[in-house]
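J.: Have a look at the structure that comes next, please.
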Amino acid sequence: MPTDDIAVHYHLTPAEVEEIEAALGGVDPDEVQPTDPAFYERHWALYASLPQRLRLFIERFRRTEEATACFVHGFPVDADAVGPTPQHWRTADGRPTRAQEVFMAMCALALGEPFTWSTLQEGRMIQNIFPVQGDELRQSGHGSEALLEFHTEDGFHPGRADYLMLFGIRNHDAVPTILSSVRDVKLDAGTARVLSEPRFLIMPDDEHVRQLQTHHPDHPALERVLDMQQRPEPVPVLFGGDADPYLRIDRPFMRCVGEDPVAEQALDTLMEELERVQHSVVVEPGTLMVVDNYLAVHGRKPFRSRYDGTDRWLKRMIVSRDVRKSAMNRMPESRRVLA
Ligand SMILES: [Fe+2]
């Protein structure tokens, strides 16, 4: 299905690319980098150097909620200059993709407040997404051969992202990302009502817990996340108004409160509907995709990785409308890094 009915698109003109590249020229590549939270404190005003037409496009997407996703096409990626797809995010050299990272950071600043989790690629603000050897079957961005099931990003967490951003560096095999909008789903009134009641539990994923235990055993967030795992708070799946609800779902990590076959059935019906209305999107090199994490669920089709430097490579960021809401989860080093 084409994305036209759930997404809005923006195409950079050659003059606009020049304008952005001129602004990038003013950033010292050896100074603070957009993977570092300090970049956003020091260089936040960079977003003002984006072409006004683009800033307004991004702002309109946020303010009007007119679409479930938006795309900005046409930021240059030189396949030779960025080098082969790295083998592991820990050893990936950020320099060859610095321009793309700064462009992405500028768009993120135009949209809201970029943030990250300390448990995610060691707290880097921009993460590299490519298949990692040994992780083929994992339900994560580093998997490949397993279907990455539809989910809300960090669905278990009240401080989850408002927006998920993916930027394409390489995608030779046109590996699709899948998106479904809650706005396309058709549910009978009874099912919608059940899904709007706090009859569901979403557990934190084990990786989040394991990383906190290993790296931040003393942070109060560990206790909270263990509590979320052992005594998760019942939440509704649909929320925010019957006419145009938001969505929060992560099926592999969910169960219903007590024995509740009606709620189980409602959840299955919703998942079937999300499958039915799914869109396949190929994030091409040079394209930025922004997904509204309150309106869309996303996933990925299985693909075969080669580990020869030509695998799919994306950059990923998350953006909040208001990081203050998660102040209790802050790491001491930055209010943009949450535990
Ligand atoms: Fe995800």
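Ordering of the structure tokens sets the chain letters (A, B, ...), residue numbers begin anew at 1 in every chain, and ligands are numbered from 1 in the order given.
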Give me, as a PDB file with N, CA and C atoms, in the first residue's frame, the set of residues whose atoms come within 8 Å of any atom of ligand 1, counting only C-alpha atoms and all ligand atoms.
T.:
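The resulting file, result.pdb, is shown below:
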ATOM      1  N   SER A 140      15.110  -6.917  17.854  1.00  0.00           N
ATOM      2  CA  SER A 140      15.723  -5.604  18.050  1.00  0.00           C
ATOM      3  C   SER A 140      16.179  -5.095  16.700  1.00  0.00           C
ATOM      4  N   GLY A 141      16.670  -3.886  16.688  1.00  0.00           N
ATOM      5  CA  GLY A 141      17.169  -3.279  15.456  1.00  0.00           C
ATOM      6  C   GLY A 141      18.368  -4.002  14.880  1.00  0.00           C
ATOM      7  N   HIS A 151       5.210  -2.835  16.924  1.00  0.00           N
ATOM      8  CA  HIS A 151       5.247  -2.350  18.301  1.00  0.00           C
ATOM      9  C   HIS A 151       5.287  -0.830  18.345  1.00  0.00           C
ATOM     10  N   THR A 152       4.892  -0.320  19.502  1.00  0.00           N
ATOM     11  CA  THR A 152       5.137   1.065  19.868  1.00  0.00           C
ATOM     12  C   THR A 152       6.546   1.088  20.433  1.00  0.00           C
ATOM     13  N   GLU A 153       7.361   2.065  20.081  1.00  0.00           N
ATOM     14  CA  GLU A 153       8.718   2.119  20.621  1.00  0.00           C
ATOM     15  C   GLU A 153       8.657   2.328  22.139  1.00  0.00           C
ATOM     16  N   ASP A 154       9.363   1.474  22.887  1.00  0.00           N
ATOM     17  CA  ASP A 154       9.386   1.554  24.353  1.00  0.00           C
ATOM     18  C   ASP A 154       7.984   1.665  24.939  1.00  0.00           C
ATOM     19  N   HIS A 298       5.307   0.145  14.368  1.00  0.00           N
ATOM     20  CA  HIS A 298       6.258  -0.139  13.295  1.00  0.00           C
ATOM     21  C   HIS A 298       6.880  -1.518  13.531  1.00  0.00           C
ATOM     22  N   GLY A 299       7.477  -2.022  12.495  1.00  0.00           N
ATOM     23  CA  GLY A 299       8.151  -3.315  12.564  1.00  0.00           C
ATOM     24  C   GLY A 299       9.033  -3.443  11.334  1.00  0.00           C
TER      25      GLY A 299
END
J.: Where does DSSP see alpha helix (DSSP H) in stretch 49-215 of chain A, if you list the residues as an mmCIF file with N, CA and C atoms, in the first residue's frame?
T.:
data_model
loop_
_atom_site.group_PDB
_atom_site.id
_atom_site.type_symbol
_atom_site.label_atom_id
_atom_site.label_comp_id
_atom_site.auth_asym_id
_atom_site.auth_seq_id
_atom_site.Cartn_x
_atom_site.Cartn_y
_atom_site.Cartn_z
ATOM 1 N N GLN A 52 13.537 27.521 5.836
ATOM 2 C CA GLN A 52 12.293 27.816 6.553
ATOM 3 C C GLN A 52 11.145 26.893 6.122
ATOM 4 N N ARG A 53 11.091 26.590 4.815
ATOM 5 C CA ARG A 53 10.024 25.743 4.300
ATOM 6 C C ARG A 53 10.051 24.361 4.985
ATOM 7 N N LEU A 54 11.270 23.851 5.237
ATOM 8 C CA LEU A 54 11.411 22.549 5.901
ATOM 9 C C LEU A 54 11.044 22.641 7.384
ATOM 10 N N ARG A 55 11.487 23.724 8.038
ATOM 11 C CA ARG A 55 11.146 23.890 9.459
ATOM 12 C C ARG A 55 9.634 23.913 9.628
ATOM 13 N N LEU A 56 8.960 24.630 8.748
ATOM 14 C CA LEU A 56 7.502 24.738 8.853
ATOM 15 C C LEU A 56 6.822 23.409 8.541
ATOM 16 N N PHE A 57 7.394 22.645 7.626
ATOM 17 C CA PHE A 57 6.856 21.313 7.306
ATOM 18 C C PHE A 57 6.916 20.418 8.553
ATOM 19 N N ILE A 58 8.077 20.437 9.229
ATOM 20 C CA ILE A 58 8.256 19.597 10.426
ATOM 21 C C ILE A 58 7.340 20.086 11.550
ATOM 22 N N GLU A 59 7.268 21.412 11.680
ATOM 23 C CA GLU A 59 6.447 21.982 12.747
ATOM 24 C C GLU A 59 4.965 21.697 12.506
ATOM 25 N N ARG A 60 4.571 21.766 11.263
ATOM 26 C CA ARG A 60 3.179 21.477 10.925
ATOM 27 C C ARG A 60 2.811 20.030 11.274
ATOM 28 N N PHE A 61 3.745 19.116 10.967
ATOM 29 C CA PHE A 61 3.544 17.694 11.291
ATOM 30 C C PHE A 61 3.300 17.528 12.795
ATOM 31 N N ARG A 62 4.093 18.256 13.615
ATOM 32 C CA ARG A 62 3.931 18.137 15.070
ATOM 33 C C ARG A 62 2.652 18.813 15.562
ATOM 34 N N ARG A 63 2.423 20.033 15.074
ATOM 35 C CA ARG A 63 1.314 20.825 15.634
ATOM 36 C C ARG A 63 -0.054 20.339 15.189
ATOM 37 N N THR A 64 -0.172 19.930 13.930
ATOM 38 C CA THR A 64 -1.503 19.581 13.421
ATOM 39 C C THR A 64 -1.799 18.091 13.538
ATOM 40 N N ARG A 98 29.063 11.992 9.542
ATOM 41 C CA ARG A 98 28.817 13.136 10.436
ATOM 42 C C ARG A 98 27.789 14.107 9.843
ATOM 43 N N ALA A 99 27.896 14.397 8.543
ATOM 44 C CA ALA A 99 26.968 15.372 7.929
ATOM 45 C C ALA A 99 25.530 14.873 8.054
ATOM 46 N N GLN A 100 25.317 13.581 7.802
ATOM 47 C CA GLN A 100 23.968 13.015 7.896
ATOM 48 C C GLN A 100 23.469 13.063 9.342
ATOM 49 N N GLU A 101 24.388 12.819 10.283
ATOM 50 C CA GLU A 101 23.988 12.856 11.699
ATOM 51 C C GLU A 101 23.609 14.272 12.122
ATOM 52 N N VAL A 102 24.388 15.256 11.654
ATOM 53 C CA VAL A 102 24.068 16.644 12.046
ATOM 54 C C VAL A 102 22.748 17.065 11.402
ATOM 55 N N PHE A 103 22.525 16.684 10.152
ATOM 56 C CA PHE A 103 21.247 17.010 9.495
ATOM 57 C C PHE A 103 20.079 16.407 10.276
ATOM 58 N N MET A 104 20.241 15.161 10.673
ATOM 59 C CA MET A 104 19.198 14.480 11.433
ATOM 60 C C MET A 104 18.958 15.186 12.773
ATOM 61 N N ALA A 105 20.050 15.571 13.423
ATOM 62 C CA ALA A 105 19.946 16.280 14.711
ATOM 63 C C ALA A 105 19.220 17.609 14.540
ATOM 64 N N MET A 106 19.489 18.313 13.434
ATOM 65 C CA MET A 106 18.813 19.596 13.172
ATOM 66 C C MET A 106 17.300 19.370 13.034
ATOM 67 N N CYS A 107 16.936 18.332 12.305
ATOM 68 C CA CYS A 107 15.499 18.033 12.115
ATOM 69 C C CYS A 107 14.873 17.625 13.453
ATOM 70 N N ALA A 108 15.624 16.874 14.261
ATOM 71 C CA ALA A 108 15.108 16.438 15.569
ATOM 72 C C ALA A 108 14.871 17.657 16.466
ATOM 73 N N LEU A 109 15.781 18.638 16.392
ATOM 74 C CA LEU A 109 15.629 19.857 17.202
ATOM 75 C C LEU A 109 14.456 20.708 16.716
ATOM 76 N N ALA A 110 14.182 20.646 15.419
ATOM 77 C CA ALA A 110 13.028 21.376 14.879
ATOM 78 C C ALA A 110 11.724 20.729 15.332
ATOM 79 N N LEU A 111 11.797 19.415 15.615
ATOM 80 C CA LEU A 111 10.596 18.651 15.961
ATOM 81 C C LEU A 111 10.282 18.703 17.457
ATOM 82 N N ALA A 189 -17.629 -1.122 18.282
ATOM 83 C CA ALA A 189 -17.642 -0.263 19.474
ATOM 84 C C ALA A 189 -17.236 -1.029 20.734
ATOM 85 N N GLY A 190 -17.660 -2.296 20.840
ATOM 86 C CA GLY A 190 -17.350 -3.091 22.023
ATOM 87 C C GLY A 190 -15.846 -3.342 22.146
ATOM 88 N N THR A 191 -15.231 -3.725 21.035
ATOM 89 C CA THR A 191 -13.787 -3.990 21.031
ATOM 90 C C THR A 191 -13.010 -2.720 21.369
ATOM 91 N N ALA A 192 -13.413 -1.608 20.770
ATOM 92 C CA ALA A 192 -12.733 -0.335 21.040
ATOM 93 C C ALA A 192 -12.855 0.034 22.519
ATOM 94 N N ARG A 193 -14.015 -0.251 23.099
ATOM 95 C CA ARG A 193 -14.213 0.105 24.507
ATOM 96 C C ARG A 193 -13.301 -0.746 25.401
ATOM 97 N N VAL A 194 -13.223 -2.043 25.129
ATOM 98 C CA VAL A 194 -12.355 -2.927 25.926
ATOM 99 C C VAL A 194 -10.901 -2.460 25.842
ATOM 100 N N LEU A 195 -10.479 -2.092 24.633
ATOM 101 C CA LEU A 195 -9.089 -1.663 24.438
ATOM 102 C C LEU A 195 -8.811 -0.320 25.115
ATOM 103 N N ASP A 206 13.570 -7.389 28.391
ATOM 104 C CA ASP A 206 14.644 -7.896 29.253
ATOM 105 C C ASP A 206 15.950 -7.155 29.048
ATOM 106 N N GLU A 207 16.186 -6.729 27.807
ATOM 107 C CA GLU A 207 17.439 -6.055 27.483
ATOM 108 C C GLU A 207 17.583 -4.775 28.303
ATOM 109 N N HIS A 208 16.498 -4.048 28.409
ATOM 110 C CA HIS A 208 16.490 -2.801 29.177
ATOM 111 C C HIS A 208 16.890 -3.084 30.635
ATOM 112 N N VAL A 209 16.279 -4.103 31.205
ATOM 113 C CA VAL A 209 16.533 -4.457 32.597
ATOM 114 C C VAL A 209 17.982 -4.938 32.758
ATOM 115 N N ARG A 210 18.413 -5.791 31.842
ATOM 116 C CA ARG A 210 19.758 -6.374 31.939
ATOM 117 C C ARG A 210 20.846 -5.296 31.857
ATOM 118 N N GLN A 211 20.641 -4.348 30.929
ATOM 119 C CA GLN A 211 21.616 -3.266 30.757
ATOM 120 C C GLN A 211 21.696 -2.399 32.006
ATOM 121 N N LEU A 212 20.542 -2.118 32.611
ATOM 122 C CA LEU A 212 20.545 -1.315 33.835
ATOM 123 C C LEU A 212 21.253 -2.064 34.962
ATOM 124 N N GLN A 213 20.969 -3.357 35.081
ATOM 125 C CA GLN A 213 21.597 -4.149 36.140
ATOM 126 C C GLN A 213 23.108 -4.180 35.978
ATOM 127 N N THR A 214 23.558 -4.262 34.715
ATOM 128 C CA THR A 214 24.990 -4.363 34.451
ATOM 129 C C THR A 214 25.688 -3.025 34.635
ATOM 130 N N HIS A 215 25.065 -1.959 34.080
ATOM 131 C CA HIS A 215 25.801 -0.693 34.005
ATOM 132 C C HIS A 215 25.401 0.339 35.046
#
J.: Using only C-alpha atoms for the distances, tell me which of A:Ile318, A:Val290, A:Ala266, A:Ala81 is nearest to A:Ala7.
T.: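 Looking at the shortest contact to A:Ala7, the residue is A:Val290.
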J.: Produce a table with one row for each residue of stretch 121-184 of chain A that has an atom at most 12 Å from any atom of stretch 322-339 of chain A, each row naming the nearest atom pair and its distance in Å at one decimal; use only C-alpha atoms; arrange rows by chain and rising residue number; format as a tab-separated table.
T.:
residue	atom	partner	partner_atom	distance
A:Gln121	CA	A:Val337	CA	11.7
A:Glu122	CA	A:Val337	CA	10.0
A:Gly123	CA	A:Val337	CA	6.6
A:Arg124	CA	A:Val337	CA	8.7
A:Met125	CA	A:Val337	CA	8.1
A:Ile126	CA	A:Val337	CA	11.7
A:His157	CA	A:Ser326	CA	9.8
A:Pro158	CA	A:Ser326	CA	8.0
A:Gly159	CA	A:Ser326	CA	5.4
A:Arg160	CA	A:Ser326	CA	8.9
A:Ala161	CA	A:Val323	CA	9.4
A:Asp162	CA	A:Asp322	CA	9.0
A:Tyr163	CA	A:Asp322	CA	11.4
J.: Once DSSP has gone over the backbone, tell me which residues of stretch 122-309 of chain A are in strand (DSSP E), as a PyMOL selection string.
T.: chain A and resi 127-129+148-151+163-170+176-181+200-202+238-239+246-247+254-256+279-282+288-292+296-300
J.: Write a file of the selected residues as an mmCIF file, in the first residue's frame, keeping C-alpha atoms.
T.:
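Once written, selection.cif looks like this:
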data_model
loop_
_atom_site.group_PDB
_atom_site.id
_atom_site.type_symbol
_atom_site.label_atom_id
_atom_site.label_comp_id
_atom_site.auth_asym_id
_atom_site.auth_seq_id
_atom_site.Cartn_x
_atom_site.Cartn_y
_atom_site.Cartn_z
ATOM 1 C CA GLN A 127 22.209 4.953 17.130
ATOM 2 C CA ASN A 128 23.476 2.894 14.229
ATOM 3 C CA ILE A 129 21.034 0.251 13.038
ATOM 4 C CA LEU A 148 10.410 -7.530 14.038
ATOM 5 C CA GLU A 149 6.822 -7.530 15.240
ATOM 6 C CA PHE A 150 4.653 -4.451 15.234
ATOM 7 C CA HIS A 151 5.247 -2.350 18.301
ATOM 8 C CA TYR A 163 8.605 10.424 17.564
ATOM 9 C CA LEU A 164 10.953 7.841 16.128
ATOM 10 C CA MET A 165 13.334 9.001 13.384
ATOM 11 C CA LEU A 166 15.148 6.756 10.922
ATOM 12 C CA PHE A 167 17.594 8.029 8.309
ATOM 13 C CA GLY A 168 18.756 5.793 5.451
ATOM 14 C CA ILE A 169 22.483 5.458 4.827
ATOM 15 C CA ARG A 170 22.334 2.227 2.796
ATOM 16 C CA PRO A 176 11.055 -2.536 4.110
ATOM 17 C CA THR A 177 10.027 -1.033 7.400
ATOM 18 C CA ILE A 178 6.361 -1.704 8.162
ATOM 19 C CA LEU A 179 4.008 0.905 9.523
ATOM 20 C CA SER A 180 0.376 0.839 10.538
ATOM 21 C CA SER A 181 -1.707 3.773 11.668
ATOM 22 C CA PHE A 200 -3.491 -4.632 29.824
ATOM 23 C CA LEU A 201 0.060 -4.998 31.117
ATOM 24 C CA ILE A 202 3.165 -4.105 29.076
ATOM 25 C CA LEU A 238 -6.203 2.959 23.132
ATOM 26 C CA PHE A 239 -6.249 6.285 24.949
ATOM 27 C CA TYR A 246 -3.621 7.171 20.416
ATOM 28 C CA LEU A 247 -2.141 3.697 20.651
ATOM 29 C CA MET A 254 1.982 -7.904 26.855
ATOM 30 C CA ARG A 255 -0.591 -9.815 28.814
ATOM 31 C CA CYS A 256 -4.007 -9.023 30.199
ATOM 32 C CA HIS A 279 2.224 -0.157 4.771
ATOM 33 C CA SER A 280 5.679 -1.225 3.612
ATOM 34 C CA VAL A 281 8.135 1.634 3.452
ATOM 35 C CA VAL A 282 11.658 1.455 2.131
ATOM 36 C CA LEU A 288 14.562 10.744 6.804
ATOM 37 C CA MET A 289 11.423 9.050 8.095
ATOM 38 C CA VAL A 290 9.682 10.399 11.183
ATOM 39 C CA VAL A 291 7.067 8.139 12.782
ATOM 40 C CA ASP A 292 4.521 9.429 15.283
ATOM 41 C CA ALA A 296 1.762 4.336 14.471
ATOM 42 C CA VAL A 297 3.193 0.962 15.226
ATOM 43 C CA HIS A 298 6.258 -0.139 13.295
ATOM 44 C CA GLY A 299 8.151 -3.315 12.564
ATOM 45 C CA ARG A 300 10.420 -4.863 9.958
#
J.: What's around A:Val132 at 10 Å? Count only C-alpha atoms, leave out sequence neighbours fewer than 2 positions away in its own chain, and write the answer as JSON, numbers by chain.
T.: {"A": [86, 87, 88, 89, 129, 130, 134, 135, 136, 138, 141, 142, 143, 144, 305, 306, 307, 311]}
J.: Name the closest residue to A:Asp80 among the candidates A:Thr13, A:Thr269, A:Thr97, A:Thr116; distances are taken between atoms, counting only C-alpha atoms.
T.: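 Under the stated criterion, the closest residue is A:Thr97.
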